[in-house]
>>> print(open('structure_31.cif').read())   # mmCIF, C-alpha atoms
data_upload
#
loop_
_atom_site.label_atom_id
_atom_site.label_comp_id
_atom_site.auth_asym_id
_atom_site.auth_seq_id
_atom_site.Cartn_x
_atom_site.Cartn_y
_atom_site.Cartn_z
CA MET A 13 78.70 13.43 61.36
CA LYS A 14 81.37 16.11 61.06
CA LEU A 15 80.15 19.65 61.76
CA ARG A 16 81.10 22.34 59.27
CA ARG A 17 82.41 25.70 60.51
CA PRO A 18 80.26 28.62 59.34
CA GLY A 19 81.61 30.49 56.37
CA LYS A 20 82.49 34.20 56.26
CA SER A 21 78.98 35.25 55.29
CA TRP A 22 77.46 33.32 58.15
CA ARG A 23 80.02 34.73 60.61
CA TYR A 24 79.10 38.23 59.44
CA LEU A 25 75.39 37.53 59.95
CA LEU A 26 76.08 36.19 63.43
CA LEU A 27 77.97 39.37 64.31
CA VAL A 28 75.12 41.52 63.00
CA PHE A 29 72.63 39.47 65.00
CA ALA A 30 74.75 39.81 68.16
CA ALA A 31 75.05 43.58 67.69
CA THR A 32 71.30 43.90 67.11
CA THR A 33 70.57 41.84 70.20
CA LEU A 34 72.91 44.02 72.27
CA ALA A 35 71.32 47.23 71.02
CA SER A 36 67.83 46.06 71.87
CA GLY A 37 68.61 43.92 74.91
CA GLN A 38 69.29 44.58 78.56
CA ALA A 39 72.38 46.57 79.51
CA ARG A 40 75.20 44.51 81.03
CA PRO A 41 76.61 45.18 84.53
CA LEU A 42 80.27 45.03 83.45
CA PRO A 43 82.16 46.57 80.52
CA GLY A 44 83.63 44.21 77.96
CA PRO A 45 87.14 43.86 76.54
CA ASP A 46 86.31 46.49 73.91
CA VAL A 47 86.19 49.39 76.40
CA GLN A 48 89.79 50.49 75.74
CA GLN A 49 89.22 50.61 71.97
CA ILE A 50 86.00 52.59 72.45
CA TYR A 51 87.83 55.04 74.72
CA LEU A 52 90.56 55.56 72.13
CA ARG A 53 87.92 56.24 69.47
CA LEU A 54 85.94 58.64 71.64
CA LEU A 55 88.71 60.77 73.13
CA PRO A 56 89.89 62.46 69.88
CA GLN A 57 86.27 63.31 69.05
CA ILE A 58 85.61 64.67 72.54
CA GLU A 59 88.78 66.78 72.36
CA LYS A 60 87.36 68.51 69.28
CA ILE A 61 84.17 69.65 71.05
CA PRO A 62 84.33 73.39 71.83
CA ILE A 63 83.75 73.99 75.54
CA PHE A 64 81.56 76.44 77.39
CA ASP A 65 83.16 76.79 80.82
CA HIS A 66 80.27 77.37 83.21
CA HIS A 67 82.34 78.35 86.25
CA ALA A 68 85.81 79.88 86.56
CA HIS A 69 87.70 82.79 88.13
CA PRO A 70 89.99 84.08 85.36
CA ALA A 71 92.44 86.60 86.78
CA PHE A 72 96.05 87.44 87.39
CA ALA A 73 97.36 86.51 90.83
CA ASP A 74 97.48 90.14 92.01
CA ASP A 75 93.88 90.95 91.00
CA PRO A 76 91.80 91.69 94.15
CA ASP A 77 88.52 91.36 92.24
CA VAL A 78 88.95 87.69 91.38
CA ASP A 79 86.40 86.80 94.09
CA ALA A 80 84.20 88.45 96.68
CA MET A 81 86.06 86.49 99.36
CA ALA A 82 89.58 85.23 99.99
CA ALA A 83 91.04 81.87 100.91
CA PRO A 84 92.12 81.50 104.55
CA PRO A 85 94.83 79.00 105.47
CA GLY A 86 93.47 75.47 105.37
CA SER A 87 93.97 71.91 104.21
CA LEU A 88 94.03 71.10 100.52
CA ALA A 89 93.28 67.74 98.93
CA LEU A 90 96.35 66.02 97.50
CA ARG A 91 95.69 66.91 93.89
CA GLU A 92 95.19 70.61 94.67
CA ARG A 93 98.63 71.03 96.23
CA ASP A 94 101.43 72.73 94.33
CA SER A 95 103.42 69.48 94.54
CA ASN A 96 101.09 67.89 91.97
CA PRO A 97 103.34 66.86 89.04
CA GLU A 98 100.43 67.37 86.63
CA LEU A 99 100.99 71.11 87.02
CA VAL A 100 104.37 70.70 85.34
CA ALA A 101 102.56 69.05 82.42
CA ALA A 102 100.20 72.04 82.33
CA ALA A 103 103.09 74.50 82.20
CA LYS A 104 104.72 72.49 79.42
CA ALA A 105 101.52 72.36 77.38
CA LEU A 106 100.65 76.05 77.78
CA PHE A 107 104.06 77.74 77.93
CA ASP A 108 106.64 75.21 76.63
CA TYR A 109 108.08 75.01 80.13
CA PRO A 110 111.55 73.43 79.77
CA TYR A 111 111.88 71.85 83.22
CA ASN A 112 110.48 68.75 84.91
CA ASP A 113 109.71 70.31 88.29
CA LEU A 114 108.48 73.57 89.80
CA SER A 115 111.39 74.18 92.13
CA PRO A 116 111.80 77.87 93.05
CA GLU A 117 114.74 78.38 90.73
CA HIS A 118 112.88 76.79 87.79
CA ALA A 119 109.56 78.45 88.58
CA LYS A 120 111.22 81.83 87.99
CA TRP A 121 111.31 80.90 84.29
CA LEU A 122 107.55 80.35 84.28
CA VAL A 123 106.83 83.64 86.07
CA GLN A 124 108.99 85.51 83.57
CA LYS A 125 107.42 83.73 80.60
CA LYS A 126 103.92 84.66 81.74
CA ALA A 127 104.98 88.27 82.28
CA GLU A 128 106.35 88.46 78.73
CA LEU A 129 103.18 86.98 77.24
CA LYS A 130 100.92 89.28 79.28
CA LYS A 131 102.85 92.29 77.99
CA ALA A 132 102.83 91.06 74.40
CA LYS A 133 99.19 89.92 74.26
CA GLY A 134 97.51 92.44 76.57
CA GLY A 135 93.75 91.91 76.61
CA ALA A 136 94.13 88.81 74.43
CA TYR A 137 96.22 86.93 77.01
CA PHE A 138 93.45 84.91 78.66
CA SER A 139 91.65 84.49 75.34
CA SER A 140 94.80 82.79 74.06
CA ILE A 141 94.64 80.34 76.98
CA LEU A 142 91.06 79.49 76.02
CA ASP A 143 92.17 78.98 72.41
CA LYS A 144 94.84 76.47 73.43
CA LEU A 145 92.26 74.47 75.38
CA ASN A 146 89.44 74.70 72.83
CA ILE A 147 87.25 76.70 75.22
CA GLU A 148 84.86 78.72 73.09
CA GLN A 149 83.61 80.95 75.91
CA GLY A 150 83.68 80.95 79.68
CA VAL A 151 82.15 82.45 82.77
CA ALA A 152 84.15 85.00 84.74
CA ASN A 153 82.85 84.50 88.27
CA ARG A 154 84.30 87.67 89.82
CA ALA A 155 83.56 90.55 92.17
CA MET A 156 83.98 92.95 89.25
CA MET A 157 84.91 92.37 85.63
CA ALA A 158 88.47 93.13 84.55
CA ASP A 159 89.35 95.21 81.51
CA TYR A 160 91.93 92.59 80.47
CA LEU A 161 89.18 90.00 79.84
CA ASP A 162 87.60 90.13 76.37
CA PRO A 163 83.80 90.38 76.88
CA LYS A 164 83.31 88.32 73.72
CA ARG A 165 85.06 85.39 75.39
CA PHE A 166 84.23 85.95 79.07
CA VAL A 167 80.76 86.61 80.49
CA TRP A 168 80.23 87.89 84.02
CA VAL A 169 78.55 86.19 86.98
CA PHE A 170 78.45 88.49 90.03
CA PHE A 171 78.16 87.83 93.77
CA VAL A 172 75.11 88.72 95.87
CA ASP A 173 75.85 87.31 99.35
CA SER A 174 76.82 90.71 100.71
CA PHE A 175 73.19 91.89 100.64
CA MET A 176 72.56 89.48 103.52
CA TRP A 177 75.19 91.04 105.82
CA PRO A 178 74.35 94.74 106.36
CA PHE A 179 74.39 94.88 110.17
CA ASN A 180 77.08 94.91 112.85
CA ASN A 181 78.88 91.60 112.21
CA GLN A 182 81.12 91.57 115.26
CA ARG A 183 79.70 88.29 116.56
CA GLU A 184 79.74 86.66 113.11
CA THR A 185 83.37 87.61 112.48
CA ALA A 186 84.45 86.21 115.85
CA ARG A 187 82.99 82.74 115.23
CA ASN A 188 86.23 81.31 113.81
CA ALA A 189 89.35 82.19 111.85
CA ASP A 190 87.62 81.60 108.49
CA GLU A 191 84.81 84.05 109.20
CA GLU A 192 87.40 86.55 110.40
CA VAL A 193 88.55 86.61 106.77
CA TYR A 194 85.21 86.17 105.00
CA ILE A 195 82.79 88.52 106.75
CA PRO A 196 84.80 91.76 106.42
CA LEU A 197 85.03 91.05 102.68
CA GLN A 198 81.24 90.78 102.49
CA GLU A 199 80.99 94.14 104.23
CA LYS A 200 83.46 95.55 101.72
CA MET A 201 81.45 94.13 98.81
CA LEU A 202 78.22 95.65 100.11
CA HIS A 203 79.86 99.06 100.41
CA ARG A 204 81.12 98.76 96.82
CA TRP A 205 77.60 98.08 95.60
CA MET A 206 76.37 101.06 97.61
CA GLN A 207 79.05 103.29 96.15
CA LEU A 208 78.23 102.22 92.60
CA GLU A 209 74.54 102.96 93.23
CA GLY A 210 75.25 106.33 94.85
CA VAL A 211 73.93 105.18 98.23
CA SER A 212 75.94 106.93 100.95
CA LYS A 213 74.54 104.96 103.88
CA LEU A 214 72.13 102.09 104.46
CA PRO A 215 68.54 103.17 103.71
CA ALA A 216 66.42 103.85 106.78
CA THR A 217 63.54 101.61 105.65
CA PHE A 218 63.51 98.00 104.53
CA ALA A 219 61.52 98.92 101.42
CA ASP A 220 64.26 101.30 100.34
CA TYR A 221 66.92 98.69 101.08
CA LEU A 222 65.18 96.19 98.79
CA THR A 223 64.94 98.89 96.10
CA PHE A 224 68.71 99.38 96.37
CA VAL A 225 69.23 95.62 96.03
CA SER A 226 67.03 95.46 92.92
CA HIS A 227 68.72 98.44 91.30
CA THR A 228 72.11 96.82 91.83
CA LEU A 229 70.95 93.62 90.12
CA GLU A 230 69.46 95.57 87.23
CA ASP A 231 72.63 97.62 86.75
CA ASN A 232 74.86 94.55 86.93
CA GLN A 233 72.74 92.93 84.26
CA LYS A 234 73.14 96.02 82.06
CA LYS A 235 76.91 95.74 82.56
CA GLY A 236 76.81 92.23 81.09
CA GLY A 237 76.01 90.06 84.11
CA ILE A 238 74.33 86.82 83.01
CA ALA A 239 73.70 85.28 86.45
CA MET A 240 74.03 85.91 90.19
CA LYS A 241 76.15 83.79 92.51
CA PHE A 242 75.78 82.77 96.17
CA GLU A 243 78.74 81.58 98.25
CA VAL A 244 76.48 81.47 101.29
CA ALA A 245 77.61 78.00 102.37
CA TYR A 246 80.85 79.56 103.58
CA PHE A 247 79.07 81.92 105.96
CA ARG A 248 76.05 80.08 107.37
CA PRO A 249 73.88 76.95 106.95
CA THR A 250 72.12 76.55 103.61
CA LYS A 251 68.77 75.68 105.15
CA PHE A 252 66.47 78.67 104.62
CA SER A 253 63.23 79.29 106.45
CA ASP A 254 60.36 81.27 104.95
CA PRO A 255 59.81 84.44 107.05
CA THR A 256 57.37 87.16 106.10
CA ARG A 257 58.40 90.51 104.74
CA GLU A 258 57.09 92.11 107.93
CA GLU A 259 59.34 89.94 110.09
CA ALA A 260 62.41 90.81 108.00
CA ALA A 261 61.49 94.51 107.97
CA ASP A 262 61.22 94.49 111.75
CA VAL A 263 64.77 93.15 112.09
CA TYR A 264 66.18 95.55 109.52
CA GLU A 265 64.63 98.67 110.97
CA ARG A 266 65.68 97.77 114.53
CA PHE A 267 69.34 97.15 113.63
CA VAL A 268 70.12 99.27 110.57
CA ALA A 269 71.31 102.15 112.78
CA GLY A 270 73.32 99.95 115.17
CA GLY A 271 73.27 97.10 117.60
CA ILE A 272 73.92 93.40 117.06
CA PRO A 273 70.98 91.18 116.11
CA SER A 274 70.75 87.74 117.68
CA GLU A 275 71.63 84.79 115.50
CA GLN A 276 67.95 83.99 114.98
CA GLU A 277 67.11 87.60 114.15
CA TYR A 278 69.91 87.75 111.60
CA ARG A 279 68.77 84.44 110.07
CA THR A 280 65.22 85.75 109.73
CA PHE A 281 66.45 88.77 107.82
CA GLN A 282 68.85 86.73 105.65
CA ASP A 283 66.29 84.06 104.82
CA PHE A 284 63.89 86.66 103.49
CA VAL A 285 66.61 88.48 101.49
CA PHE A 286 67.79 85.18 100.00
CA ARG A 287 64.29 84.40 98.78
CA TYR A 288 63.84 87.99 97.58
CA LEU A 289 66.97 87.63 95.44
CA LEU A 290 65.55 84.44 93.93
CA ARG A 291 62.35 86.25 92.98
CA GLU A 292 64.38 89.06 91.43
CA GLY A 293 66.37 86.46 89.50
CA ALA A 294 63.11 85.23 87.99
CA ARG A 295 61.96 88.76 87.18
CA LEU A 296 65.23 89.69 85.48
CA HIS A 297 65.82 86.27 83.89
CA LEU A 298 69.08 85.95 85.82
CA PRO A 299 69.92 82.32 86.67
CA VAL A 300 70.99 81.70 90.26
CA HIS A 301 74.32 79.94 90.89
CA ILE A 302 74.79 78.44 94.36
CA HIS A 303 78.00 77.00 95.81
CA SER A 304 76.93 73.49 96.78
CA ALA A 305 80.06 71.49 97.56
CA VAL A 306 82.96 71.19 99.95
CA GLY A 307 84.78 74.47 100.56
CA ILE A 308 88.16 75.80 101.54
CA GLY A 309 89.30 76.73 105.05
CA ASP A 310 89.45 74.74 108.27
CA TYR A 311 85.90 75.47 109.48
CA PHE A 312 83.76 74.79 106.42
CA ASN A 313 80.78 72.75 107.64
CA LEU A 314 79.91 69.95 105.21
CA TYR A 315 76.75 68.91 107.02
CA GLN A 316 75.31 72.42 107.16
CA SER A 317 76.20 73.10 103.51
CA ASN A 318 74.79 69.88 102.04
CA ALA A 319 73.02 70.71 98.78
CA LEU A 320 69.98 68.74 99.97
CA ASN A 321 69.37 71.52 102.53
CA LEU A 322 68.15 73.59 99.59
CA GLU A 323 65.50 71.08 98.53
CA ASN A 324 62.67 73.03 100.17
CA VAL A 325 63.66 76.01 97.99
CA LEU A 326 64.47 74.19 94.75
CA ARG A 327 61.17 72.30 94.80
CA ASP A 328 59.08 75.28 95.86
CA PRO A 329 56.58 75.99 93.05
CA ARG A 330 56.97 79.72 93.73
CA TYR A 331 60.48 79.48 92.23
CA SER A 332 59.67 77.22 89.30
CA ASN A 333 60.64 80.04 86.93
CA VAL A 334 64.06 80.49 88.55
CA THR A 335 66.94 78.66 86.88
CA PHE A 336 69.20 77.17 89.57
CA VAL A 337 72.75 75.93 88.95
CA MET A 338 74.31 73.88 91.75
CA ILE A 339 77.93 74.95 91.36
CA HIS A 340 80.45 72.13 91.99
CA GLY A 341 77.66 69.53 91.82
CA GLY A 342 77.18 69.07 95.56
CA TYR A 343 80.41 67.07 96.03
CA PRO A 344 80.90 64.91 98.11
CA TYR A 345 77.10 64.51 98.10
CA ASP A 346 77.11 64.39 94.29
CA ARG A 347 75.07 61.17 94.06
CA GLN A 348 72.27 62.76 96.05
CA ALA A 349 72.60 66.16 94.36
CA ILE A 350 71.91 64.83 90.86
CA TRP A 351 68.38 63.98 91.99
CA LEU A 352 67.76 67.67 92.66
CA ALA A 353 68.03 68.01 88.88
CA ALA A 354 64.80 66.05 88.54
CA ALA A 355 63.21 69.50 88.85
CA LYS A 356 63.02 71.06 85.40
CA ASN A 357 64.78 74.26 86.50
CA VAL A 358 67.75 72.75 88.39
CA TYR A 359 71.16 72.01 86.85
CA LEU A 360 74.49 70.74 88.18
CA ASP A 361 77.92 72.12 87.31
CA SER A 362 80.96 69.86 87.78
CA SER A 363 83.61 72.53 88.40
CA GLU A 364 86.15 71.93 91.19
CA THR A 365 85.14 68.26 91.42
CA GLU A 366 87.29 67.35 88.42
CA ILE A 367 90.26 69.11 90.02
CA ILE A 368 89.86 67.58 93.49
CA LEU A 369 89.38 64.09 92.04
CA TYR A 370 91.69 62.27 89.67
CA PRO A 371 90.08 61.20 86.37
CA ALA A 372 89.74 57.58 87.53
CA GLU A 373 87.30 58.67 90.25
CA PHE A 374 85.77 61.68 88.49
CA LYS A 375 84.79 59.25 85.73
CA ASN A 376 82.47 57.55 88.22
CA VAL A 377 80.81 60.84 89.15
CA LEU A 378 80.15 61.64 85.50
CA LYS A 379 78.97 58.13 84.79
CA TYR A 380 76.31 58.27 87.51
CA TRP A 381 75.17 61.72 86.37
CA LEU A 382 75.04 60.68 82.70
CA GLU A 383 73.00 57.62 83.62
CA THR A 384 70.52 59.81 85.52
CA PHE A 385 69.92 63.26 83.99
CA PRO A 386 72.51 63.78 81.22
CA GLU A 387 70.75 66.89 79.90
CA LYS A 388 71.03 68.63 83.30
CA ILE A 389 74.81 68.59 83.86
CA THR A 390 77.31 71.21 82.75
CA PHE A 391 81.08 71.54 82.59
CA GLY A 392 83.19 74.02 84.57
CA THR A 393 86.84 74.30 85.53
CA ASP A 394 86.81 76.50 88.64
CA ALA A 395 90.09 77.92 87.34
CA PHE A 396 91.62 80.22 89.95
CA PRO A 397 94.92 82.16 90.31
CA TYR A 398 96.40 80.47 93.36
CA ASN A 399 99.69 82.36 93.05
CA GLU A 400 101.97 83.80 90.38
CA VAL A 401 103.42 80.37 89.52
CA LEU A 402 100.28 78.25 89.73
CA GLY A 403 97.75 80.51 88.11
CA ALA A 404 94.32 80.27 86.59
CA GLU A 405 96.07 79.11 83.41
CA GLU A 406 97.26 75.83 84.90
CA SER A 407 93.96 75.12 86.63
CA TYR A 408 92.14 75.73 83.32
CA TRP A 409 94.37 73.07 81.76
CA LEU A 410 93.91 70.61 84.62
CA GLY A 411 90.13 70.99 84.61
CA VAL A 412 89.82 70.57 80.85
CA GLN A 413 92.18 67.61 80.53
CA SER A 414 90.68 65.80 83.52
CA SER A 415 87.13 66.27 82.28
CA ARG A 416 87.73 65.26 78.67
CA THR A 417 89.57 62.05 79.65
CA ALA A 418 87.13 61.15 82.44
CA LEU A 419 84.19 61.82 80.13
CA ALA A 420 85.64 59.59 77.41
CA ALA A 421 86.28 56.83 79.95
CA ALA A 422 82.78 57.05 81.44
CA LEU A 423 81.09 56.97 78.05
CA ALA A 424 83.32 54.13 76.82
CA GLU A 425 82.26 51.94 79.74
CA MET A 426 78.59 52.80 79.23
CA ILE A 427 78.77 51.98 75.51
CA SER A 428 80.58 48.72 76.23
CA MET A 429 77.87 47.76 78.71
CA GLY A 430 75.18 48.34 76.10
CA GLU A 431 73.61 51.41 77.71
CA PHE A 432 73.61 53.42 74.47
CA SER A 433 75.40 53.86 71.16
CA GLU A 434 78.51 55.87 70.32
CA VAL A 435 76.36 58.39 68.47
CA GLN A 436 74.25 58.94 71.56
CA ALA A 437 77.38 59.12 73.71
CA LEU A 438 78.82 61.93 71.62
CA GLN A 439 75.54 63.80 71.83
CA MET A 440 75.81 63.56 75.62
CA ALA A 441 79.41 64.77 75.44
CA HIS A 442 78.37 67.84 73.44
CA GLY A 443 75.63 68.49 75.97
CA TYR A 444 77.87 68.27 79.02
CA LEU A 445 80.78 70.26 77.58
CA HIS A 446 78.78 72.95 75.79
CA ASP A 447 75.12 72.73 74.85
CA ASN A 448 73.41 72.20 78.22
CA ALA A 449 74.89 75.35 79.74
CA VAL A 450 74.52 77.51 76.64
CA SER A 451 70.80 76.71 76.52
CA LEU A 452 70.36 78.51 79.88
CA TYR A 453 71.45 81.90 78.51
CA SER A 454 69.56 82.35 75.28
CA GLY A 455 71.18 85.03 73.14
CA LYS A 456 73.77 85.92 75.80
CA VAL A 457 76.43 83.25 75.23
CA HIS A 458 77.56 80.98 72.41
#
>>> encode(input="structure_31.cif", output="structure tokens")
Amino acid sequence: MKLRRPGKSWRYLLLVFAATTLASGQARPLPGPDVQQIYLRLLPQIEKIPIFDHHAHPAFADDPDVDAMAAPPGSLALRERDSNPELVAAAKALFDYPYNDLSPEHAKWLVQKKAELKKAKGGAYFSSILDKLNIEQGVANRAMMADYLDPKRFVWVFFVDSFMWPFNNQRETARNADEEVYIPLQEKMLHRWMQLEGVSKLPATFADYLTFVSHTLEDNQKKGGIAMKFEVAYFRPTKFSDPTREEAADVYERFVAGGIPSEQEYRTFQDFVFRYLLREGARLHLPVHIHSAVGIGDYFNLYQSNALNLENVLRDPRYSNVTFVMIHGGYPYDRQAIWLAAAKNVYLDSSETEIILYPAEFKNVLKYWLETFPEKITFGTDAFPYNEVLGAEESYWLGVQSSRTALAAALAEMISMGEFSEVQALQMAHGYLHDNAVSLYSGKVH
């Protein structure tokens, strides 16, 4: 007997049945041949999503307030070097750069073009960069806010590490060439806070010192600060003990007038102040941002800065009302770090990671995060003015383009493997690029 081929109506019903089975069945381990088509459908929709940039350092190259620390000489990953040809694409996209390289003679054109635009646009210059990249609003992670940043487009996150370094830091500075750069800048930052609070010298008692710290946080919040930031991984291990106030007070009052505390004595003081700042963050509803990934310089200690070192703090019920953001997502321990977000008050930010990694690899980071706690991850660029040619503008572009393409690729694979629908994927994309971060700052950002 000759078998008849199914007609069009039957073929349609078979396709519907297959789609229904896929939607309700087990996810597949490999993407199918449709992944490229899904990617091409998703990317234009993802490019239309307005971004909230959760971590960046918008500034001109000559602005000393771009950070509370500076970058010492050190090794840079391949993609971060000024030889990266993608930076030419950034200059073309943002400034209509007419050349195909950044040779010194050609780079002069870019420097001049930026100077002309800065003069013409004034305080709207960096806002215009956000407009070109469809960034609705972004964080300005800076020592002090700049008057050339529009407060409607840039919200301030300020640094608090300096409160942990009030004593004679001669031994700390001498540890290595990185600390020789970093520690004096922390001393400078502390003195700036003191000057702004009208404190001429360190208070004689620990109680008065903590009052000064609290007043600084309160005043920074009144000036528009939406969160506090720790870069502590650059200066010491991120494992914090739990000393008593009396122990910390003893150290403070023995060394405030002079002398060099031992390493253990200094750690006791710092560990208490760190935890005090967390409690103040809860009281003032200031989220706490913590650098949690690889850092610059030749002496950054990956083992001692592993985000998992903070687990005893992040899972401490005393800080359950503190909102923590693990800046840079713990990279290269990103697969472990996402499990810190199992706690309801812990979030991961992907800034820097999408600049260090090319989209092909960053896609895998996002994919793992999206498959684990998609509502707990946020986007950031870590834009920074490296020099007058390669400024924050180009790193904004690189971060945005890398993240949008990697996100589309990750979601396309997950859809193809039957993990969820395109509608759900776009909801996740909105969450990662905008909604998840905005929800942390009710009424303060948009």
>>> resolve_selection(input="structure_31.cif", expression="the PyMOL selection byres ((chain A and resi 368) around 8)", output="PyMOL selection string")
chain A and resi 89-92+364-367+369-370
>>> closest_residue(input="structure_31.cif", among="A:Leu88, A:Ala80, A:Val244, A:Leu122", to="A:Glu406", atoms="all atoms listed in the file")
A:Leu122
>>> residues_around(input="structure_31.cif", residues="stretch 158-169 of chain A", least_positions_apart="3", cutoff="8 Å", atoms="all atoms listed in the file", output="PyMOL selection string")
chain A and resi 71+77+134-139+148-154+236-241+457
>>> atom_distance(input="structure_31.cif", atom1="atom CA of A:Trp177", atom2="atom CA of A:Asn321")
20.6 Å
>>> closest_residue(input="structure_31.cif", among="A:Gly309, A:Pro196, A:Gly455, A:Pro178", to="A:Tyr264", atoms="only C-alpha atoms")
A:Pro178
>>> resolve_selection(input="structure_31.cif", expression="the PyMOL selection byres ((chain A and resi 108-117) around 12)", output="number ranges by chain")
A: 94-107, 118-126, 400-402, 406
>>> write_last_selection(input="structure_31.cif", atoms="C-alpha atoms", output="compact mmCIF listing (two decimals), in the frame of the given file")
# COMPACT_ATOMS: atom_id res chain seq x y z
CA ASP A 94 101.43 72.73 94.33
CA SER A 95 103.42 69.48 94.54
CA ASN A 96 101.09 67.89 91.97
CA PRO A 97 103.34 66.86 89.04
CA GLU A 98 100.43 67.37 86.63
CA LEU A 99 100.99 71.11 87.02
CA VAL A 100 104.37 70.70 85.34
CA ALA A 101 102.56 69.05 82.42
CA ALA A 102 100.20 72.04 82.33
CA ALA A 103 103.09 74.50 82.20
CA LYS A 104 104.72 72.49 79.42
CA ALA A 105 101.52 72.36 77.38
CA LEU A 106 100.65 76.05 77.78
CA PHE A 107 104.06 77.74 77.93
CA HIS A 118 112.88 76.79 87.79
CA ALA A 119 109.56 78.45 88.58
CA LYS A 120 111.22 81.83 87.99
CA TRP A 121 111.31 80.90 84.29
CA LEU A 122 107.55 80.35 84.28
CA VAL A 123 106.83 83.64 86.07
CA GLN A 124 108.99 85.51 83.57
CA LYS A 125 107.42 83.73 80.60
CA LYS A 126 103.92 84.66 81.74
CA GLU A 400 101.97 83.80 90.38
CA VAL A 401 103.42 80.37 89.52
CA LEU A 402 100.28 78.25 89.73
CA GLU A 406 97.26 75.83 84.90
>>> closest_residue(input="structure_31.cif", among="A:Met429, A:Leu202, A:Ile339, A:Ala73", to="A:Tyr398", atoms="all atoms listed in the file")
A:Ala73
>>> atom_distance(input="structure_31.cif", atom1="atom CA of A:Ser226", atom2="atom CA of A:Leu197")
20.9 Å
>>> closest_residue(input="structure_31.cif", among="A:Ala83, A:Val334, A:Leu438, A:Ala260", to="A:Pro273", atoms="all atoms listed in the file")
A:Ala260
>>> atom_distance(input="structure_31.cif", atom1="atom CA of A:Tyr444", atom2="atom CA of A:Asp65")
10.2 Å
>>> closest_residue(input="structure_31.cif", among="A:Glu184, A:Asp328, A:Glu275, A:Asp190", to="A:Arg291", atoms="all atoms listed in the file")
A:Asp328
>>> closest_residue(input="structure_31.cif", among="A:Gln276, A:Glu192, A:Gly342, A:Ala155", to="A:Val78", atoms="all atoms listed in the file")
A:Ala155
>>> residues_around(input="structure_31.cif", residues="stretch 212-221 of chain A", least_positions_apart="3", cutoff="12 Å", atoms="all atoms listed in the file", output="compact mmCIF listing (two decimals) with C-alpha atoms, keeping the file's coordinate frame")
# COMPACT_ATOMS: atom_id res chain seq x y z
CA PHE A 175 73.19 91.89 100.64
CA MET A 176 72.56 89.48 103.52
CA TRP A 177 75.19 91.04 105.82
CA PRO A 178 74.35 94.74 106.36
CA PHE A 179 74.39 94.88 110.17
CA GLU A 199 80.99 94.14 104.23
CA LEU A 202 78.22 95.65 100.11
CA HIS A 203 79.86 99.06 100.41
CA ARG A 204 81.12 98.76 96.82
CA TRP A 205 77.60 98.08 95.60
CA MET A 206 76.37 101.06 97.61
CA GLN A 207 79.05 103.29 96.15
CA LEU A 208 78.23 102.22 92.60
CA GLU A 209 74.54 102.96 93.23
CA PHE A 224 68.71 99.38 96.37
CA VAL A 225 69.23 95.62 96.03
CA SER A 226 67.03 95.46 92.92
CA HIS A 227 68.72 98.44 91.30
CA THR A 228 72.11 96.82 91.83
CA ARG A 257 58.40 90.51 104.74
CA GLU A 258 57.09 92.11 107.93
CA GLU A 259 59.34 89.94 110.09
CA ALA A 260 62.41 90.81 108.00
CA ALA A 261 61.49 94.51 107.97
CA ASP A 262 61.22 94.49 111.75
CA VAL A 263 64.77 93.15 112.09
CA TYR A 264 66.18 95.55 109.52
CA GLU A 265 64.63 98.67 110.97
CA ARG A 266 65.68 97.77 114.53
CA PHE A 267 69.34 97.15 113.63
CA VAL A 268 70.12 99.27 110.57
CA ALA A 269 71.31 102.15 112.78
CA GLY A 270 73.32 99.95 115.17
CA PHE A 281 66.45 88.77 107.82
CA PHE A 284 63.89 86.66 103.49
CA VAL A 285 66.61 88.48 101.49
CA TYR A 288 63.84 87.99 97.58
>>> resolve_selection(input="structure_31.cif", expression="the PyMOL selection byres ((chain A and resi 385) around 10)", output="VMD selection string")
chain A and resid 350 to 354 359 to 360 380 to 384 386 to 389
>>> axis_aligned_box(input="structure_31.cif", around="stretch 97-114 of chain A", padding_each_side="5 Å", output="JSON")
{"center_x": 106.0, "center_y": 72.3, "center_z": 83.2, "size_x": 21.7, "size_y": 20.9, "size_z": 23.2}
>>> build_atoms(input="structure_31.cif", residues="stretch 194-198 of chain A", atoms="N, CA, C and O atoms", output="PDB file, keeping the file's coordinate frame")
ATOM      1  N   TYR A 194      86.322  86.072 105.945  1.00  0.00           N
ATOM      2  CA  TYR A 194      85.210  86.170 105.000  1.00  0.00           C
ATOM      3  C   TYR A 194      84.289  87.370 105.246  1.00  0.00           C
ATOM      4  O   TYR A 194      83.936  88.094 104.319  1.00  0.00           O
ATOM      5  N   ILE A 195      83.843  87.545 106.479  1.00  0.00           N
ATOM      6  CA  ILE A 195      82.790  88.520 106.750  1.00  0.00           C
ATOM      7  C   ILE A 195      83.201  89.951 106.429  1.00  0.00           C
ATOM      8  O   ILE A 195      82.424  90.691 105.802  1.00  0.00           O
ATOM      9  N   PRO A 196      84.405  90.400 106.799  1.00  0.00           N
ATOM     10  CA  PRO A 196      84.800  91.760 106.420  1.00  0.00           C
ATOM     11  C   PRO A 196      84.794  91.973 104.902  1.00  0.00           C
ATOM     12  O   PRO A 196      84.520  93.091 104.431  1.00  0.00           O
ATOM     13  N   LEU A 197      85.062  90.918 104.141  1.00  0.00           N
ATOM     14  CA  LEU A 197      85.030  91.050 102.680  1.00  0.00           C
ATOM     15  C   LEU A 197      83.601  91.191 102.169  1.00  0.00           C
ATOM     16  O   LEU A 197      83.363  91.855 101.151  1.00  0.00           O
ATOM     17  N   GLN A 198      82.641  90.570 102.862  1.00  0.00           N
ATOM     18  CA  GLN A 198      81.240  90.780 102.490  1.00  0.00           C
ATOM     19  C   GLN A 198      80.807  92.212 102.789  1.00  0.00           C
ATOM     20  O   GLN A 198      80.079  92.836 102.001  1.00  0.00           O
TER      21      GLN A 198
END
